[in-house]
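Chemist: Okay, handing you the structure first.
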Amino acid sequence: MQPLELWGGHECSVNRVGGVFHDQTIRSGHQHRIEDLERFAALGIQALRYPLLWERVAPQRPDKQDWAWTDRRLGRIRELGLRPIAGLLHHGSGPKHTNLLDEGFAEGLGRFARAAAERYPWISEWTPINEPLTTARFSALYGHWYPHLTDEPMFWAALLNQIDATRFAMREIREVRPDARLIQTEDLGRTYATRPVADQANFDNTRRWMTWDLLAGLVTPEHPFWARLEGFGLGDRLRAIADDPCPPDVIGVNHYLTSDRFLDDRCDAYPPERIGGNGAMAFADVEAVRVALPGPGGVEGALEEAWARYRTPLAVTESHNGCTREEQVRWLREAWETALALRGRGVEVQAVTAWALLGTFDWNSLLTRHSGHYEVGAFDVRSEPPRPTALAAEIARLASGGEPHPASQGPGWWRRDLRLQFRPVFRTVETPEPRRAWSLPAPAARPLLITGATGTLGKALARACEWRGIAYRLTSRAELALDDAASIARVLDETQPWGVINAAGWVRVDDAEAEPDGCLAANTAGAVRLAEACAERALAFAGFSSDLVFDGRSPRPYLESDALAPLNVYGLSKARAEAQVLALGGRTLMIRTAAFFSPFDPHNFAAHVVRTLGQEQTLEAASDLVVSPTYVPDLVDTTLDLMIDGETGLRHLANQGAVSWAEFARLIAGALGLNDGLIRPMPAASFGWPAARPAFAALGTERGEIMPALDNAIARYAAMVAEVEFTGEAEAVVQGALANQPVRPSAQVS
């Protein structure tokens, strides 16, 4: 076998909902950034799945084609030495003048494929239609996408139309390029079930092969689905396909953490939104990884089953995980290491594809609406230019070798106990158990060192590391004193961390006015001393600053580059720390943030609002001080992501929004159903605070907005607070909810 190749691709779906086309290439900004191709090539990938989409080239009429965009980009791809794998439809139904059920759909795509091949005869690898079975399900069986049908015969007709279109397209392409290869992609997982739902699981497990079965000419009268489709009047079409098959040269397996499903007849064990059915019975349909014991076969099981069925070369053509950064890295690495292990057992896996290089938009709603939901890829397109993440570093590492990031060592959440979201169920619809490529114990990882064991931020960072599977050490002042260079050096040398987050320091804003030396010693001298020790050892360092470095006279939210003018000692201590730490250069990151609120801390303003209004007492809050409140779970997760990405410099991290303290109190009250009539807006001067505050301290950013909106954060805060009280016992309950890291509920949802 040739060496395992590393491929890449950006999410390029163009799906239609009603009369609206949703174009991921436009959403990601790649439409206007040809320089992304240099970014992709620099990762070390050999091939690039790339769109020559019918809807984009000929959106109005088949005889009116505009190749300018693809000409320029394919030319640049060729110059960069990448091998394009050209796609003609990606979850699409064609231009406006056709659709998946149009009698002329297949011939139309064939003609377009001929034009594409004649224009680019040097392209040897093609995927005319990405995931035909999945697209047919979403468009004609579940009604999510155009033409929005929920009809099984129409679903099968839509699938056969796409199979015919693939056959016709490859026939036309091969008349231009006889050696052209068909790389046929499809989502592949397995459905498990409790015994009462076994028939449905068996049906699903037969249906999942239909894209490749049809193209390979395997759907003949002996096939389990022949009689069913013939009963829908599709027998002649099946015979035509079987008589003139177009078997794939490479089976492209798209596998996500949502691909393996579990069907459970015990509906009372699941929330209502997880309940579906087949007309004969109701059942829950959930991700198998969240409930099944033993765990599902995953990507290894999918590849082994595909190899056993077809004995055709395989590739993992999509590998993406919408999760925290280290989990994204772990998922890609698992796909790569699994492919290597399978090759060692004689399975011909040719490549693994780092998919969604630019991230994905709105797959949480199955591309049915523009909600703004974004999952980061190898590059974060919320920054301009797109910012490389730890996933980009991992792709480059897989291509050229090197050590993995210490934070990404260890098993992903799908291999840990916290994967179980529902009551565990022993599965009964079996699949051959794969030999686990990940069975070897992982080496001990260098930890992340966090200072501030008694503070809100230090404890929150440690809590997040626990749930994310990141090795860490949380230190108290007794272990590591910021005023003692010797203790700093000792702990750093003993611990050998890969990075340090300083969450310690002086937090009493008003007391600092009477004790300026103590505040400056902790927040400036101590922080700089720790940062210097990290710089000497080439360690990543992150520290925190405050919105109080500003004087409040800005007419708009403050940006990272705005001039500093603190009004109080605390703000001065942070401003000096910023300047001196950032002057060290290297791997230093300073984060300005503001107005913490957290369900785990009883001492923040939001908790005060909940307690006071909950007791039907009047609450006074400043009406003339505007801030950007920051939800601590969002802050710590984003901070960890940035640290793992290797981000440096100065960043503002606060939830998107600007409110007075009185308005913030009203938002908290409204989210929890408390009486906001008890809130009394007051001028800040009436509180008699020793430390002056800026009247307007809202934080914006010029480095890309990566924190959720404030209303979203408040809703999540309220959902937790509504369930538990602020007690030590409650923390574990609430944290259990946080353990359910998001995954892509995309074309893998049954």
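Ordering of the structure tokens sets the chain letters (A, B, ...), residue numbers begin anew at 1 in every chain, and ligands are numbered from 1 in the order given.
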I'd like the neighbourhood of Asp179 of chain A as a list in words, where a residue qualifies if any of its atoms comes within 12 Å (using only C-alpha atoms), though same-chain residues fewer than 3 positions away should be ignored.
Modeler: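 My reading of the contact set: Pro121, Trp122, Ile123, Ser124, Glu125, Trp126, Met170, Arg171, Ile173, Arg174, Glu175, Val176, Leu182 and Asp249 of chain A.
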Chemist: Apply DSSP to the structure's backbone, then extract all residues of segment 11-225 of chain A labelled strand (DSSP E or B) and return them as a PDB file with N, CA and C atoms, in the first residue's frame.
Modeler:
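Saved result, states.pdb, follows:
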ATOM      1  N   VAL A  14     -24.169  23.651  -0.258  1.00  0.00           N
ATOM      2  CA  VAL A  14     -25.153  24.611  -0.761  1.00  0.00           C
ATOM      3  C   VAL A  14     -26.486  23.880  -0.752  1.00  0.00           C
ATOM      4  N   ASN A  15     -27.229  24.039   0.333  1.00  0.00           N
ATOM      5  CA  ASN A  15     -28.532  23.386   0.425  1.00  0.00           C
ATOM      6  C   ASN A  15     -29.629  24.431   0.272  1.00  0.00           C
ATOM      7  N   ARG A  16     -30.801  23.966  -0.122  1.00  0.00           N
ATOM      8  CA  ARG A  16     -31.919  24.866  -0.371  1.00  0.00           C
ATOM      9  C   ARG A  16     -33.011  24.614   0.651  1.00  0.00           C
ATOM     10  N   VAL A  17     -33.485  25.680   1.279  1.00  0.00           N
ATOM     11  CA  VAL A  17     -34.620  25.616   2.204  1.00  0.00           C
ATOM     12  C   VAL A  17     -35.667  26.578   1.671  1.00  0.00           C
ATOM     13  N   VAL A  20     -34.624  29.648  -0.529  1.00  0.00           N
ATOM     14  CA  VAL A  20     -33.360  30.240  -0.104  1.00  0.00           C
ATOM     15  C   VAL A  20     -32.249  29.208  -0.182  1.00  0.00           C
ATOM     16  N   PHE A  21     -31.154  29.586  -0.833  1.00  0.00           N
ATOM     17  CA  PHE A  21     -29.974  28.748  -0.899  1.00  0.00           C
ATOM     18  C   PHE A  21     -29.019  29.148   0.224  1.00  0.00           C
ATOM     19  N   HIS A  22     -28.567  28.176   1.009  1.00  0.00           N
ATOM     20  CA  HIS A  22     -27.617  28.403   2.106  1.00  0.00           C
ATOM     21  C   HIS A  22     -26.247  27.936   1.639  1.00  0.00           C
ATOM     22  N   ASP A  23     -25.305  28.849   1.549  1.00  0.00           N
ATOM     23  CA  ASP A  23     -24.000  28.572   0.958  1.00  0.00           C
ATOM     24  C   ASP A  23     -22.909  28.718   2.018  1.00  0.00           C
ATOM     25  N   ALA A  47      -4.212  16.279  -0.796  1.00  0.00           N
ATOM     26  CA  ALA A  47      -5.372  16.470  -1.667  1.00  0.00           C
ATOM     27  C   ALA A  47      -6.391  17.334  -0.953  1.00  0.00           C
ATOM     28  N   LEU A  48      -7.222  18.001  -1.759  1.00  0.00           N
ATOM     29  CA  LEU A  48      -8.207  18.932  -1.216  1.00  0.00           C
ATOM     30  C   LEU A  48      -9.561  18.665  -1.857  1.00  0.00           C
ATOM     31  N   ARG A  49     -10.538  18.241  -1.049  1.00  0.00           N
ATOM     32  CA  ARG A  49     -11.908  18.157  -1.543  1.00  0.00           C
ATOM     33  C   ARG A  49     -12.380  19.580  -1.807  1.00  0.00           C
ATOM     34  N   TYR A  50     -12.824  19.856  -3.048  1.00  0.00           N
ATOM     35  CA  TYR A  50     -13.080  21.246  -3.405  1.00  0.00           C
ATOM     36  C   TYR A  50     -14.318  21.356  -4.286  1.00  0.00           C
ATOM     37  N   PRO A  51     -15.128  22.407  -4.075  1.00  0.00           N
ATOM     38  CA  PRO A  51     -16.412  22.522  -4.777  1.00  0.00           C
ATOM     39  C   PRO A  51     -16.305  23.150  -6.173  1.00  0.00           C
ATOM     40  N   ARG A  83      -3.789  18.213  -4.956  1.00  0.00           N
ATOM     41  CA  ARG A  83      -4.589  17.417  -5.874  1.00  0.00           C
ATOM     42  C   ARG A  83      -6.058  17.642  -5.541  1.00  0.00           C
ATOM     43  N   PRO A  84      -6.829  18.309  -6.412  1.00  0.00           N
ATOM     44  CA  PRO A  84      -8.236  18.548  -6.081  1.00  0.00           C
ATOM     45  C   PRO A  84      -9.094  17.300  -6.269  1.00  0.00           C
ATOM     46  N   ILE A  85     -10.043  17.125  -5.365  1.00  0.00           N
ATOM     47  CA  ILE A  85     -11.108  16.131  -5.519  1.00  0.00           C
ATOM     48  C   ILE A  85     -12.368  16.945  -5.742  1.00  0.00           C
ATOM     49  N   ALA A  86     -12.817  17.000  -6.974  1.00  0.00           N
ATOM     50  CA  ALA A  86     -13.848  17.961  -7.377  1.00  0.00           C
ATOM     51  C   ALA A  86     -15.241  17.449  -7.032  1.00  0.00           C
ATOM     52  N   GLY A  87     -16.034  18.309  -6.390  1.00  0.00           N
ATOM     53  CA  GLY A  87     -17.420  17.992  -6.067  1.00  0.00           C
ATOM     54  C   GLY A  87     -18.375  18.848  -6.869  1.00  0.00           C
ATOM     55  N   LEU A  88     -19.435  18.251  -7.396  1.00  0.00           N
ATOM     56  CA  LEU A  88     -20.403  18.967  -8.230  1.00  0.00           C
ATOM     57  C   LEU A  88     -21.690  19.310  -7.488  1.00  0.00           C
ATOM     58  N   LEU A  89     -22.055  18.530  -6.493  1.00  0.00           N
ATOM     59  CA  LEU A  89     -23.193  18.821  -5.615  1.00  0.00           C
ATOM     60  C   LEU A  89     -22.797  18.429  -4.202  1.00  0.00           C
ATOM     61  N   HIS A  90     -23.066  19.312  -3.242  1.00  0.00           N
ATOM     62  CA  HIS A  90     -22.728  19.005  -1.855  1.00  0.00           C
ATOM     63  C   HIS A  90     -23.953  19.325  -0.999  1.00  0.00           C
ATOM     64  N   GLU A 125      -9.788  13.127  -9.919  1.00  0.00           N
ATOM     65  CA  GLU A 125     -10.611  12.547  -8.857  1.00  0.00           C
ATOM     66  C   GLU A 125     -11.869  13.391  -8.670  1.00  0.00           C
ATOM     67  N   TRP A 126     -13.010  12.709  -8.600  1.00  0.00           N
ATOM     68  CA  TRP A 126     -14.288  13.404  -8.607  1.00  0.00           C
ATOM     69  C   TRP A 126     -15.244  12.788  -7.585  1.00  0.00           C
ATOM     70  N   THR A 127     -16.042  13.640  -6.973  1.00  0.00           N
ATOM     71  CA  THR A 127     -17.199  13.240  -6.168  1.00  0.00           C
ATOM     72  C   THR A 127     -18.387  14.004  -6.733  1.00  0.00           C
ATOM     73  N   PRO A 128     -19.060  13.464  -7.752  1.00  0.00           N
ATOM     74  CA  PRO A 128     -20.161  14.216  -8.359  1.00  0.00           C
ATOM     75  C   PRO A 128     -21.215  14.659  -7.348  1.00  0.00           C
ATOM     76  N   ILE A 129     -21.601  13.761  -6.429  1.00  0.00           N
ATOM     77  CA  ILE A 129     -22.612  14.101  -5.422  1.00  0.00           C
ATOM     78  C   ILE A 129     -22.141  13.603  -4.066  1.00  0.00           C
ATOM     79  N   ASN A 130     -22.033  14.506  -3.129  1.00  0.00           N
ATOM     80  CA  ASN A 130     -21.668  14.138  -1.762  1.00  0.00           C
ATOM     81  C   ASN A 130     -22.891  13.592  -1.023  1.00  0.00           C
ATOM     82  N   ARG A 181     -11.144   8.887 -11.316  1.00  0.00           N
ATOM     83  CA  ARG A 181     -11.564   8.048 -10.196  1.00  0.00           C
ATOM     84  C   ARG A 181     -12.802   8.637  -9.529  1.00  0.00           C
ATOM     85  N   LEU A 182     -13.724   7.748  -9.169  1.00  0.00           N
ATOM     86  CA  LEU A 182     -14.910   8.132  -8.410  1.00  0.00           C
ATOM     87  C   LEU A 182     -14.637   7.895  -6.934  1.00  0.00           C
ATOM     88  N   ILE A 183     -14.617   8.973  -6.173  1.00  0.00           N
ATOM     89  CA  ILE A 183     -14.494   8.889  -4.721  1.00  0.00           C
ATOM     90  C   ILE A 183     -15.871   9.202  -4.163  1.00  0.00           C
ATOM     91  N   GLN A 184     -16.602   8.148  -3.808  1.00  0.00           N
ATOM     92  CA  GLN A 184     -17.999   8.320  -3.425  1.00  0.00           C
ATOM     93  C   GLN A 184     -18.161   8.382  -1.921  1.00  0.00           C
ATOM     94  N   THR A 185     -18.606   9.522  -1.442  1.00  0.00           N
ATOM     95  CA  THR A 185     -18.767   9.751  -0.010  1.00  0.00           C
ATOM     96  C   THR A 185     -20.185   9.427   0.451  1.00  0.00           C
ATOM     97  N   GLU A 186     -20.282   9.036   1.705  1.00  0.00           N
ATOM     98  CA  GLU A 186     -21.584   8.865   2.358  1.00  0.00           C
ATOM     99  C   GLU A 186     -21.345   8.786   3.854  1.00  0.00           C
ATOM    100  N   ASP A 187     -22.290   9.308   4.608  1.00  0.00           N
ATOM    101  CA  ASP A 187     -22.230   9.136   6.054  1.00  0.00           C
ATOM    102  C   ASP A 187     -22.395   7.660   6.385  1.00  0.00           C
ATOM    103  N   THR A 191     -26.738   1.604  13.518  1.00  0.00           N
ATOM    104  CA  THR A 191     -27.852   1.795  14.436  1.00  0.00           C
ATOM    105  C   THR A 191     -27.939   0.612  15.381  1.00  0.00           C
ATOM    106  N   TYR A 192     -27.949   0.892  16.665  1.00  0.00           N
ATOM    107  CA  TYR A 192     -28.144  -0.105  17.709  1.00  0.00           C
ATOM    108  C   TYR A 192     -29.539   0.106  18.297  1.00  0.00           C
ATOM    109  N   ALA A 193     -30.028  -0.881  19.047  1.00  0.00           N
ATOM    110  CA  ALA A 193     -31.406  -0.753  19.521  1.00  0.00           C
ATOM    111  C   ALA A 193     -31.697  -1.713  20.657  1.00  0.00           C
TER     112      ALA A 193
END
Chemist: As a list in words, please: the residues near segment 134-137 of chain A (cut-off 6 Å, only C-alpha atoms, same-chain neighbours under 3 positions excluded).
Modeler: His91, Glu131, Ala140, Leu141, Tyr142, Phe155, Ala158 and Leu159 of chain A
Chemist: Give me a file of those residues, with C-alpha atoms, as an mmCIF file, in the first residue's frame.
Modeler:
data_model
loop_
_atom_site.group_PDB
_atom_site.id
_atom_site.type_symbol
_atom_site.label_atom_id
_atom_site.label_comp_id
_atom_site.auth_asym_id
_atom_site.auth_seq_id
_atom_site.Cartn_x
_atom_site.Cartn_y
_atom_site.Cartn_z
ATOM 1 C CA HIS A 91 -26.053 18.444 -0.079
ATOM 2 C CA GLU A 131 -23.758 11.846 0.473
ATOM 3 C CA ALA A 140 -37.585 13.886 0.632
ATOM 4 C CA LEU A 141 -38.029 11.749 3.754
ATOM 5 C CA TYR A 142 -37.679 14.232 6.635
ATOM 6 C CA PHE A 155 -37.187 9.491 -0.977
ATOM 7 C CA ALA A 158 -34.597 11.138 -5.039
ATOM 8 C CA LEU A 159 -31.844 8.685 -4.178
#
Chemist: Report as a count of residues only all protein, DNA and RNA residues lying within 10 Å of segment 79-81 of chain A, evaluated on only C-alpha atoms, omitting residues in the same chain fewer than 5 positions from it.
Modeler: 10
Chemist: Have a look at A:Val491, A:Ala658, A:Leu457, A:Ala485 and name the one nearest to Arg556 of chain A; count only C-alpha atoms.
Modeler: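 Closest to Arg556 of chain A of all the choices is A:Ala658.
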Chemist: Taking 5 positions as the minimum chain separation for residues in the same chain, which residues sit within 12 Å of Glu616 of chain A when counting only C-alpha atoms? Answer as a list in words.
Modeler: Val609, Val610, Arg611, Ala669, Leu674, Asn675, Asp676, Gly677, Leu678 and Ile679 of chain A
Chemist: Would you output that residue set with N, CA and C atoms, as a PDB file, in the first residue's frame?
Modeler:
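The new file result30.pdb reads:
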ATOM      1  N   VAL A 609     -28.370  39.126  42.981  1.00  0.00           N
ATOM      2  CA  VAL A 609     -29.694  39.415  42.427  1.00  0.00           C
ATOM      3  C   VAL A 609     -30.654  38.270  42.728  1.00  0.00           C
ATOM      4  N   VAL A 610     -30.199  37.052  42.494  1.00  0.00           N
ATOM      5  CA  VAL A 610     -31.062  35.888  42.695  1.00  0.00           C
ATOM      6  C   VAL A 610     -31.465  35.763  44.164  1.00  0.00           C
ATOM      7  N   ARG A 611     -30.501  35.914  45.080  1.00  0.00           N
ATOM      8  CA  ARG A 611     -30.809  35.777  46.503  1.00  0.00           C
ATOM      9  C   ARG A 611     -31.755  36.883  46.978  1.00  0.00           C
ATOM     10  N   ALA A 669     -33.299  38.699  36.440  1.00  0.00           N
ATOM     11  CA  ALA A 669     -34.631  38.497  37.017  1.00  0.00           C
ATOM     12  C   ALA A 669     -35.597  37.944  35.987  1.00  0.00           C
ATOM     13  N   LEU A 674     -38.127  36.177  38.321  1.00  0.00           N
ATOM     14  CA  LEU A 674     -38.159  36.914  39.583  1.00  0.00           C
ATOM     15  C   LEU A 674     -38.800  38.285  39.378  1.00  0.00           C
ATOM     16  N   ASN A 675     -39.176  38.921  40.439  1.00  0.00           N
ATOM     17  CA  ASN A 675     -39.887  40.200  40.391  1.00  0.00           C
ATOM     18  C   ASN A 675     -38.906  41.337  40.131  1.00  0.00           C
ATOM     19  N   ASP A 676     -38.831  41.797  38.868  1.00  0.00           N
ATOM     20  CA  ASP A 676     -37.886  42.869  38.560  1.00  0.00           C
ATOM     21  C   ASP A 676     -38.398  44.228  39.041  1.00  0.00           C
ATOM     22  N   GLY A 677     -39.627  44.292  39.530  1.00  0.00           N
ATOM     23  CA  GLY A 677     -40.125  45.529  40.113  1.00  0.00           C
ATOM     24  C   GLY A 677     -39.429  45.895  41.414  1.00  0.00           C
ATOM     25  N   LEU A 678     -38.732  44.930  41.994  1.00  0.00           N
ATOM     26  CA  LEU A 678     -37.994  45.184  43.228  1.00  0.00           C
ATOM     27  C   LEU A 678     -36.620  45.802  42.972  1.00  0.00           C
ATOM     28  N   ILE A 679     -36.242  45.912  41.690  1.00  0.00           N
ATOM     29  CA  ILE A 679     -34.940  46.481  41.350  1.00  0.00           C
ATOM     30  C   ILE A 679     -35.052  48.002  41.344  1.00  0.00           C
TER      31      ILE A 679
END
Chemist: Between atom CA of Arg427 of chain A and atom CA of Gln200 of chain A, what is the spacing in Å?
Modeler: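 Value for the atom CA of Gln200 of chain A-atom CA of Arg427 of chain A distance: 13.9 Å.
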Chemist: Run DSSP on the backbone and grab whatever in segment 289-400 of chain A lands in alpha helix (DSSP H); send it over as a PyMOL selection string.
Modeler: chain A and resi 298-310+325-344+390-400
